[in-house]
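Visitor: Take a look at the following structure, please.
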Amino acid sequence: MLGENECMTFEEALLRLADERASLSSSVLYALSAPNSNEVQLFRRQWPTLSLERRRKIISLLAESAEANFELDFNALFRVTMTDEDEEIRAVSIEGLWEDDEITLIAPLVHALQHDPSVPVRAAAASSLGRFVLMAELEELDERYARLMRTALLEAIRNEREHVEVRRRAVESIAYLGEDFVREIISAAYQEADELMRISAVFAMGRSADTIWAKIVQSELSNANPAMRYEAARACGELEVKEAVPALIQLAADPDREVQFAAIAALGQIGGPRARRFLVRCCRSKDGVLRLAAEDALAELELGQQPLDLFVYDIDQDEDIEPEEY
């Protein structure tokens with residue numbers, strides 16, 4: 001029997017998957033990573049023979065591991081499992097493909113968005129199409145792919161019978177397009193009564209890079225819902241709303257931790273003397289997690305202001321700034 005740290009072949013890893021009692025160790029994960037075409041076919045034949053509980057456990061672990069470790073590549077396996085009979089497995093598989101930018105994935109995602117009976121799967125497909133919409137906007141894709149995605153996303157957005165979770169994800173994805181009708185879509189989404197749709201509209205405002213939304217995203221920084229404050233802070237950063245700097249500094253002490261991080265990141269994107277001074281103070285915080293977030297934001301701020309070969313920064317150079325705790 002193989003030890004925990006010994007190398008394992010793909011075939012041996014498949015045997016572990018089939019054994020309901022076997023643990024899914026790191027050696028199994030590495031053996032399954034980046035399979036060749038023959039190995040994918042072996043996986044395709046064995047996958048349906050596993051129990052539902054086992055398949056769900058495996059797919060969740062693969063998705064979590066791939067997100068945590070960039071060395072692991074399960075894209076070829078996720079492409080197999082995204083057609084599983086179980087909707088939970090299909091949804092997790094699509095989410096697991098977040099780094100896959102091969103154009104051969106576009107058609108399956110569009111098909112899932114248009115025809116899958118599961119709301120979570122259609123929502124995952126709508127969200128996953130976003131990166132391809134951006135590629136189309138950057139003219140990195142053939143126009144036929146752009147038309148295919150545009151049509152599918154618009155159908156989902158305009159379908160009043162479609163679930164709001166699917167519609168809101170479609171709004172987020174189509175926001176990358178620099179076309180006039182996108183403004184109308186985002187505006188209509190922001191005016192809807194459903195709060196989740198309004199949150200997605202603010203997300204889309206930032207993603208659109210359209211400064212027409214600057215005042216709206218700034219106003220939402222004081223929203224009672226932390227999810228909205230989070231998206232508003234992110235949008236302020238993406239749109240580089242300089243007027244939002246004072247409010248973002250206040251949000252760095254928000255009761256919600258994620259809002260704090262979003263505000264700090266936004267300050268790094270917006271820049272300016274006041275944002276920089278504040279980030280320097282945060283870099284001296286006793287809160288280690290907050291300090292790391294501030295260091296990352298300050299690095300981005302400095303990177304945007306200096307040539308790469310001149311990027312050298314020492315937070316102790318600002319001796320005139322009194323440190324504060326946040």
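Chain labels run A, B, ... following the order of the structure tokens; each chain numbers its residues from 1, and ligands are numbered from 1 in the order shown.
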Select from stretch 164-275 of chain A every residue with an atom at most 7 Å from any atom of stretch 124-135 of chain A, then for each give the shortest pair of atoms and their distance in Å to one decimal, using only C-alpha atoms, rows by chain and rising number, as a tab-separated table.
Guide:
residue	atom	partner	partner_atom	distance
A:Val166	CA	A:Ala126	CA	6.7
A:Arg169	CA	A:Ser127	CA	5.1
A:Ala170	CA	A:Ala126	CA	5.0
A:Ser173	CA	A:Gly130	CA	4.0
A:Ile174	CA	A:Gly130	CA	6.7
A:Tyr176	CA	A:Leu134	CA	5.5
A:Leu177	CA	A:Val133	CA	7.0
Visitor: Could you give me, as a ChimeraX atom specification, the residues within 10 Å of stretch 23-29 of chain A, counting only C-alpha atoms and dropping anything in the same chain fewer than 4 positions from it?
Guide: /A:2-10,12-17,19,33,57-58,61-62,65-66,72-74
Visitor: May I ask which of the residues A:Trp98, A:Phe261, A:Phe278, A:Phe43 is the closest one to A:Leu77, counting only C-alpha atoms?
Guide: A:Phe43
Visitor: Restricting the calculation to only C-alpha atoms: of A:Ala76, A:Ile157, A:Met82, A:Leu267, which residue gets closest to A:Gln114?
Guide: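 With only C-alpha atoms as the atom set, the closest residue is A:Ile157.
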Visitor: Could you list, as an MDAnalysis selection string, every residue within 7 Å of A:Val202, counting only C-alpha atoms and ignoring same-chain residues fewer than 6 positions away?
Guide: chainID A and resid 217 231:232 235
Visitor: Keeping only C-alpha atoms, write the selected residues to a file as a PDB file, in the first residue's frame.
Guide:
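See part-v9.pdb below for the written result:
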ATOM      1  CA  VAL A 217     -21.777  53.456  -5.846  1.00  0.00           C
ATOM      2  CA  GLU A 231     -19.850  45.697  -3.441  1.00  0.00           C
ATOM      3  CA  ALA A 232     -20.052  49.488  -3.294  1.00  0.00           C
ATOM      4  CA  ALA A 235     -17.024  49.391  -7.280  1.00  0.00           C
TER       5      ALA A 235
END
Visitor: Which residues, written as a list in words, have at least one atom at most 9 Å from A:Cys236, with only C-alpha atoms counted and residues fewer than 3 positions away on the same chain left out?
Guide: Gly206, Ala214, Val217, Gln218, Leu221, Glu231, Ala232, Ala233, Leu239, Glu240, Val241, Lys242, Ala244, Val245, Leu248, Ala263, Ala266, Leu267, Gln269 and Ile270 of chain A
Visitor: What gap, in Å, lies between atom CA of A:Trp213 and atom CA of A:Leu148?
Guide: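 Value for the atom CA of A:Trp213-atom CA of A:Leu148 distance: 27.5 Å.
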Visitor: Identify, with DSSP run on backbone atoms, the residues in stretch 79-208 of chain A assigned to alpha helix (DSSP H), and express the list as number ranges by chain.
Guide: A: 79-81, 87-96, 106-115, 119-128, 130-137, 143-158, 164-174, 180-190, 195-208
Visitor: Could you list, as a PyMOL selection string, every residue within 10 Å of stretch 288-298 of chain A, counting only C-alpha atoms and ignoring same-chain residues fewer than 2 positions away?
Guide: chain A and resi 252+257+260-271+275-286+300-304+313+315+326
Visitor: Store the residues picked out above in a file with N, CA and C atoms, as a tab-separated table (two decimals), in the first residue's frame.
Guide:
chain	number	residue	atom	x	y	z
A	252	ALA	N	-12.98	51.22	6.64
A	252	ALA	CA	-11.87	50.36	7.07
A	252	ALA	C	-12.04	49.93	8.52
A	257	ARG	N	-15.85	42.31	8.48
A	257	ARG	CA	-14.46	42.16	8.10
A	257	ARG	C	-14.26	42.27	6.59
A	260	GLN	N	-14.27	45.77	5.44
A	260	GLN	CA	-12.98	46.41	5.75
A	260	GLN	C	-11.97	46.15	4.64
A	261	PHE	N	-11.84	44.89	4.25
A	261	PHE	CA	-10.86	44.52	3.24
A	261	PHE	C	-11.19	45.15	1.88
A	262	ALA	N	-12.48	45.20	1.55
A	262	ALA	CA	-12.87	45.80	0.28
A	262	ALA	C	-12.54	47.29	0.27
A	263	ALA	N	-12.76	47.96	1.39
A	263	ALA	CA	-12.48	49.39	1.48
A	263	ALA	C	-10.98	49.65	1.36
A	264	ILE	N	-10.18	48.84	2.02
A	264	ILE	CA	-8.73	49.01	1.96
A	264	ILE	C	-8.21	48.77	0.55
A	265	ALA	N	-8.70	47.72	-0.08
A	265	ALA	CA	-8.29	47.43	-1.46
A	265	ALA	C	-8.67	48.57	-2.39
A	266	ALA	N	-9.86	49.13	-2.18
A	266	ALA	CA	-10.33	50.23	-3.02
A	266	ALA	C	-9.43	51.46	-2.88
A	267	LEU	N	-8.97	51.72	-1.65
A	267	LEU	CA	-8.08	52.86	-1.44
A	267	LEU	C	-6.78	52.68	-2.21
A	268	GLY	N	-6.31	51.44	-2.30
A	268	GLY	CA	-5.12	51.18	-3.09
A	268	GLY	C	-5.32	51.40	-4.57
A	269	GLN	N	-6.54	51.15	-5.05
A	269	GLN	CA	-6.85	51.36	-6.46
A	269	GLN	C	-7.02	52.84	-6.78
A	270	ILE	N	-7.64	53.57	-5.85
A	270	ILE	CA	-7.92	54.98	-6.10
A	270	ILE	C	-6.66	55.83	-5.94
A	271	GLY	N	-5.93	55.57	-4.87
A	271	GLY	CA	-4.69	56.30	-4.65
A	271	GLY	C	-4.91	57.72	-4.17
A	275	ALA	N	-5.32	58.72	0.76
A	275	ALA	CA	-5.44	57.26	0.78
A	275	ALA	C	-4.09	56.63	1.14
A	276	ARG	N	-3.04	57.17	0.59
A	276	ARG	CA	-1.71	56.63	0.84
A	276	ARG	C	-1.33	56.77	2.31
A	277	ARG	N	-1.57	57.96	2.88
A	277	ARG	CA	-1.23	58.17	4.29
A	277	ARG	C	-1.98	57.20	5.19
A	278	PHE	N	-3.25	57.00	4.87
A	278	PHE	CA	-4.06	56.09	5.68
A	278	PHE	C	-3.55	54.66	5.57
A	279	LEU	N	-3.21	54.23	4.38
A	279	LEU	CA	-2.72	52.87	4.19
A	279	LEU	C	-1.40	52.66	4.92
A	280	VAL	N	-0.57	53.70	4.94
A	280	VAL	CA	0.70	53.61	5.68
A	280	VAL	C	0.41	53.37	7.16
A	281	ARG	N	-0.57	54.10	7.71
A	281	ARG	CA	-0.92	53.90	9.11
A	281	ARG	C	-1.44	52.48	9.35
A	282	CYS	N	-2.25	51.98	8.41
A	282	CYS	CA	-2.77	50.61	8.55
A	282	CYS	C	-1.65	49.58	8.51
A	283	CYS	N	-0.59	49.90	7.79
A	283	CYS	CA	0.55	48.98	7.70
A	283	CYS	C	1.27	48.85	9.04
A	284	ARG	N	0.96	49.73	9.97
A	284	ARG	CA	1.57	49.68	11.30
A	284	ARG	C	0.59	49.14	12.34
A	285	SER	N	-0.55	48.70	11.87
A	285	SER	CA	-1.58	48.20	12.78
A	285	SER	C	-1.13	46.93	13.49
A	286	LYS	N	-1.62	46.72	14.70
A	286	LYS	CA	-1.36	45.48	15.43
A	286	LYS	C	-2.22	44.34	14.92
A	300	GLU	N	-0.16	48.02	-4.50
A	300	GLU	CA	-0.87	48.29	-5.75
A	300	GLU	C	-0.88	49.78	-6.05
A	301	LEU	N	-1.07	50.59	-5.03
A	301	LEU	CA	-1.05	52.04	-5.21
A	301	LEU	C	0.30	52.49	-5.75
A	302	GLU	N	1.36	52.02	-5.13
A	302	GLU	CA	2.71	52.42	-5.55
A	302	GLU	C	3.02	51.88	-6.95
A	303	LEU	N	2.57	50.68	-7.23
A	303	LEU	CA	2.82	50.07	-8.53
A	303	LEU	C	2.17	50.88	-9.64
A	304	GLY	N	1.02	51.45	-9.33
A	304	GLY	CA	0.31	52.23	-10.34
A	304	GLY	C	0.90	53.60	-10.56
A	313	TYR	N	9.58	50.40	-1.87
A	313	TYR	CA	8.82	51.20	-0.90
A	313	TYR	C	9.10	50.73	0.52
A	315	ILE	N	7.65	51.51	4.39
A	315	ILE	CA	6.61	52.25	5.10
A	315	ILE	C	7.20	53.16	6.17
A	326	TYR	N	-6.55	50.33	13.94
A	326	TYR	CA	-7.84	50.14	13.29
A	326	TYR	C	-8.26	48.70	13.49
Visitor: Ranking A:Ala112, A:Ile94, A:Val259, A:Ala136 by minimum distance to A:Ala152 and counting only C-alpha atoms, which one comes first?
Guide: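 Between A:Ala112, A:Ile94, A:Val259, A:Ala136, the residue approaching A:Ala152 most closely is A:Ala112.
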Visitor: Determine the nearest neighbour of A:Leu105 from the options A:Val121, A:Met149, A:Val92, A:Leu196, counting only C-alpha atoms.
Guide: A:Met149
Visitor: Of the residues A:Ala22, A:Ile59, A:Leu251, A:Ala209, which is the one nearest to A:Pro226, using only C-alpha atoms?
Guide: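 The answer is A:Leu251, which sits nearest to A:Pro226.
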Visitor: Could you work out how far atom CA of A:Ala227 lies from atom CA of A:Glu258, giving the answer in Å with one decimal?
Guide: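 Distance reported for this atom pair: 8.8 Å.
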Visitor: Looking at only C-alpha atoms, which of A:Thr211, A:Asn223, A:Thr104, A:Thr81 is the one that sits closest to A:Arg183?
Guide: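 Smallest separation from A:Arg183 among the options: A:Thr211.
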